[in-house]
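Following: one structure in structure tokens, then a few remarks.
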Amino acid sequence: MPINTSEILTLVTQVCEEEKLRVPVKESLKGGAIAFATTTVGGLLAGPVGLAVGGTVGGLTAAFLSHGKFKSVADVIRNDLTVAQREQLSNSVRNIIYGIGPEDVLVLTAYALQPAVKERVLQEVFSFFRSQLQLQIVD
């Protein structure tokens, strides 16, 4: 029995939730800009010591402002991907597990818990997010 797209995506979201994978939502660029600005100002005002202080203050400020603004990869897969993107991700993961031949999602989930299969699924998710969505996953 072929594995349908929803079963594959259930597997992928489960693995991503277990690993607590998240993606930044525009916050990395904002944080980089804040750290750049404070480091530059600090360097102009106080030289090398100002660079250190400005970088530290900017980094801490960026971290504080971006707290809680990272989305889980599972939420992105469930809510933000188009139908075509979901199908593409599903096909990529399906190719990985094609040779396993599970009969239903329960068997598929048991296979996914094996470290080797889980690692290959995670690698495919990382690759998909990088190449198709231009997002980096943080864990």
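Chain lettering (A, B, ...) mirrors the order of the structure tokens, residue numbering begins at 1 for each chain separately, and ligand numbering begins at 1 in order of display.
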Exercise. From a DSSP calculation on the backbone, collect every residue of segment 11-102 of chain A in strand (DSSP E) and output the set as a PyMOL selection string.
Key: chain A and resi 22-24+70-72
Take the residues that were just selected and, keeping all heavy atoms, output them as a CSV table (one decimal), in the first residue's frame.
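Heads up, here's the output in part_20.csv:
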chain,number,residue,atom,x,y,z
A,22,ARG,N,13.5,24.7,14.9
A,22,ARG,CA,12.9,26.0,14.7
A,22,ARG,C,13.5,26.7,13.6
A,22,ARG,O,14.7,26.5,13.3
A,22,ARG,CB,13.0,26.8,16.0
A,22,ARG,CG,12.3,26.2,17.2
A,22,ARG,CD,12.6,26.9,18.5
A,22,ARG,NE,14.0,26.9,18.7
A,22,ARG,CZ,14.7,28.0,19.2
A,22,ARG,NH1,14.2,29.1,19.5
A,22,ARG,NH2,16.0,27.9,19.4
A,23,VAL,N,12.8,27.7,13.0
A,23,VAL,CA,13.4,28.5,12.0
A,23,VAL,C,13.1,30.0,12.4
A,23,VAL,O,12.1,30.3,13.0
A,23,VAL,CB,12.7,28.3,10.6
A,23,VAL,CG1,13.1,26.9,10.0
A,23,VAL,CG2,11.2,28.4,10.6
A,24,PRO,N,14.1,30.8,12.1
A,24,PRO,CA,13.9,32.3,12.4
A,24,PRO,C,12.9,32.9,11.4
A,24,PRO,O,12.9,32.5,10.2
A,24,PRO,CB,15.3,32.9,12.2
A,24,PRO,CG,16.0,31.9,11.3
A,24,PRO,CD,15.4,30.6,11.5
A,70,PHE,N,10.7,32.7,16.9
A,70,PHE,CA,11.1,31.6,16.1
A,70,PHE,C,10.0,30.6,16.0
A,70,PHE,O,9.3,30.3,17.0
A,70,PHE,CB,12.4,30.9,16.6
A,70,PHE,CG,13.7,31.7,16.4
A,70,PHE,CD1,13.9,32.9,17.1
A,70,PHE,CD2,14.6,31.2,15.5
A,70,PHE,CE1,15.0,33.6,16.9
A,70,PHE,CE2,15.8,31.9,15.3
A,70,PHE,CZ,16.0,33.1,16.0
A,71,LYS,N,9.7,30.1,14.8
A,71,LYS,CA,8.6,29.2,14.6
A,71,LYS,C,9.1,27.8,14.5
A,71,LYS,O,10.2,27.5,14.0
A,71,LYS,CB,8.0,29.5,13.2
A,71,LYS,CG,6.6,30.1,13.3
A,71,LYS,CD,6.1,30.3,11.9
A,71,LYS,CE,4.6,30.4,11.9
A,71,LYS,NZ,4.1,30.7,10.6
A,72,SER,N,8.3,26.8,15.0
A,72,SER,CA,8.8,25.4,14.9
A,72,SER,C,8.7,25.0,13.5
A,72,SER,O,7.8,25.4,12.7
A,72,SER,CB,7.9,24.5,15.8
A,72,SER,OG,6.7,24.2,15.2
Restrict the calculation to only C-alpha atoms, then for each residue of segment 54-101 of chain A with any atom at most 7 Å from an atom of segment 118-131 of chain A give the closest atom pair and their distance in Å to one decimal, rows by chain and rising residue number, as a Markdown table.
| residue | atom | partner | partner_atom | distance |
| --- | --- | --- | --- | --- |
| A:Leu89 | CA | A:Phe128 | CA | 6.7 |
| A:Ser92 | CA | A:Glu124 | CA | 6.9 |
| A:Val93 | CA | A:Val121 | CA | 6.2 |
Exercise. Would you please work out which residue, of A:Glu7, A:Val117, A:Ala46, A:Leu133, is nearest to Thr82 of chain A when using only C-alpha atoms?
Key: A:Leu133
Quiz prompt | Selection near Ala35 of chain A, 12 Å with only C-alpha atoms, sequence-local residues under 2 positions removed, as a PyMOL selection string | solution = chain A and resi 28-33+37-43+51-65
Those same residues - C-alpha atoms - I'd like them written as a PDB file, in the first residue's frame.
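Dumped everything to result-v7.pdb:
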ATOM      1  CA  SER A  28      17.904  36.966  12.218  1.00  0.00           C
ATOM      2  CA  LEU A  29      18.283  39.837   9.764  1.00  0.00           C
ATOM      3  CA  LYS A  30      16.895  42.326  12.275  1.00  0.00           C
ATOM      4  CA  GLY A  31      19.218  40.974  14.970  1.00  0.00           C
ATOM      5  CA  GLY A  32      22.206  41.196  12.653  1.00  0.00           C
ATOM      6  CA  ALA A  33      21.351  44.791  11.803  1.00  0.00           C
ATOM      7  CA  ALA A  37      24.763  49.145  14.254  1.00  0.00           C
ATOM      8  CA  THR A  38      25.703  48.998  17.926  1.00  0.00           C
ATOM      9  CA  THR A  39      29.129  47.533  17.168  1.00  0.00           C
ATOM     10  CA  THR A  40      29.830  50.248  14.602  1.00  0.00           C
ATOM     11  CA  VAL A  41      28.693  53.051  16.898  1.00  0.00           C
ATOM     12  CA  GLY A  42      30.657  51.591  19.790  1.00  0.00           C
ATOM     13  CA  GLY A  43      33.782  51.328  17.632  1.00  0.00           C
ATOM     14  CA  LEU A  51      33.613  47.487  19.485  1.00  0.00           C
ATOM     15  CA  ALA A  52      33.501  44.893  22.239  1.00  0.00           C
ATOM     16  CA  VAL A  53      30.897  46.744  24.300  1.00  0.00           C
ATOM     17  CA  GLY A  54      28.785  47.658  21.262  1.00  0.00           C
ATOM     18  CA  GLY A  55      28.861  44.096  19.946  1.00  0.00           C
ATOM     19  CA  THR A  56      27.888  42.701  23.328  1.00  0.00           C
ATOM     20  CA  VAL A  57      25.073  45.192  23.876  1.00  0.00           C
ATOM     21  CA  GLY A  58      23.809  44.709  20.302  1.00  0.00           C
ATOM     22  CA  GLY A  59      23.901  40.937  20.542  1.00  0.00           C
ATOM     23  CA  LEU A  60      22.046  40.903  23.854  1.00  0.00           C
ATOM     24  CA  THR A  61      19.485  43.395  22.568  1.00  0.00           C
ATOM     25  CA  ALA A  62      18.914  41.349  19.415  1.00  0.00           C
ATOM     26  CA  ALA A  63      18.516  38.162  21.460  1.00  0.00           C
ATOM     27  CA  PHE A  64      16.028  39.858  23.783  1.00  0.00           C
ATOM     28  CA  LEU A  65      13.968  41.306  20.933  1.00  0.00           C
TER      29      LEU A  65
END
Quiz prompt | Pick from A:Glu18, A:Asp80, A:Glu87, A:Asp75 nearest to Ser6 of chain A, counting only C-alpha atoms | solution =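 Of A:Glu18, A:Asp80, A:Glu87, A:Asp75, the one nearest Ser6 of chain A is A:Glu87, counting only C-alpha atoms.
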Practice problem: Would you list the contacts of Ser90 of chain A as an MDAnalysis selection string, taking every protein, DNA or RNA residue within 7 Å and counting only C-alpha atoms, but skipping same-chain residues closer than 5 positions in sequence? | Solution: chainID A and resid 5 8:9
Quiz item: Neighbours of Glu19 of chain A within 10 Å (only C-alpha atoms; same-chain residues fewer than 4 positions away dropped), as a list in words?
Solution: Thr13, Gln14, Val15, Val73, Leu122 and Asp139 of chain A
Selected residues written out, N, CA, C and O atoms, as a PDB file, in the first residue's frame:
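Result written to part22.pdb:
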ATOM      1  N   THR A  13       6.670  15.928  10.625  1.00  0.00           N
ATOM      2  CA  THR A  13       6.386  16.871  11.711  1.00  0.00           C
ATOM      3  C   THR A  13       6.660  16.256  13.078  1.00  0.00           C
ATOM      4  O   THR A  13       7.147  16.936  13.976  1.00  0.00           O
ATOM      5  N   GLN A  14       6.388  14.959  13.223  1.00  0.00           N
ATOM      6  CA  GLN A  14       6.675  14.293  14.493  1.00  0.00           C
ATOM      7  C   GLN A  14       8.180  14.305  14.782  1.00  0.00           C
ATOM      8  O   GLN A  14       8.608  14.614  15.894  1.00  0.00           O
ATOM      9  N   VAL A  15       8.975  13.986  13.780  1.00  0.00           N
ATOM     10  CA  VAL A  15      10.431  13.963  13.953  1.00  0.00           C
ATOM     11  C   VAL A  15      10.941  15.376  14.266  1.00  0.00           C
ATOM     12  O   VAL A  15      11.781  15.557  15.154  1.00  0.00           O
ATOM     13  N   VAL A  73       9.577  24.126  13.063  1.00  0.00           N
ATOM     14  CA  VAL A  73       9.575  23.597  11.696  1.00  0.00           C
ATOM     15  C   VAL A  73       8.264  22.857  11.439  1.00  0.00           C
ATOM     16  O   VAL A  73       7.686  22.942  10.352  1.00  0.00           O
ATOM     17  N   LEU A 122      15.677  13.913   8.746  1.00  0.00           N
ATOM     18  CA  LEU A 122      16.075  15.249   9.185  1.00  0.00           C
ATOM     19  C   LEU A 122      16.973  15.936   8.158  1.00  0.00           C
ATOM     20  O   LEU A 122      16.820  17.129   7.891  1.00  0.00           O
ATOM     21  N   ASP A 139      18.499  24.319  15.970  1.00  0.00           N
ATOM     22  CA  ASP A 139      18.030  23.298  16.912  1.00  0.00           C
ATOM     23  C   ASP A 139      18.571  23.541  18.275  1.00  0.00           C
ATOM     24  O   ASP A 139      19.256  24.420  18.564  1.00  0.00           O
TER      25      ASP A 139
END
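With only C-alpha atoms as the atoms that count, the minimum distance from Lys20 of chain A to the choices A:Ala74, A:Arg94, A:Leu135, A:Ala84 is reached by A:Ala74.
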Practice problem: Report the distance between atom CA of Ile34 of chain A and atom CA of Leu21 of chain A in Å, rounded to one decimal place. | Solution: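 Calculated distance between atom CA of Ile34 of chain A and atom CA of Leu21 of chain A is 24.6 Å.
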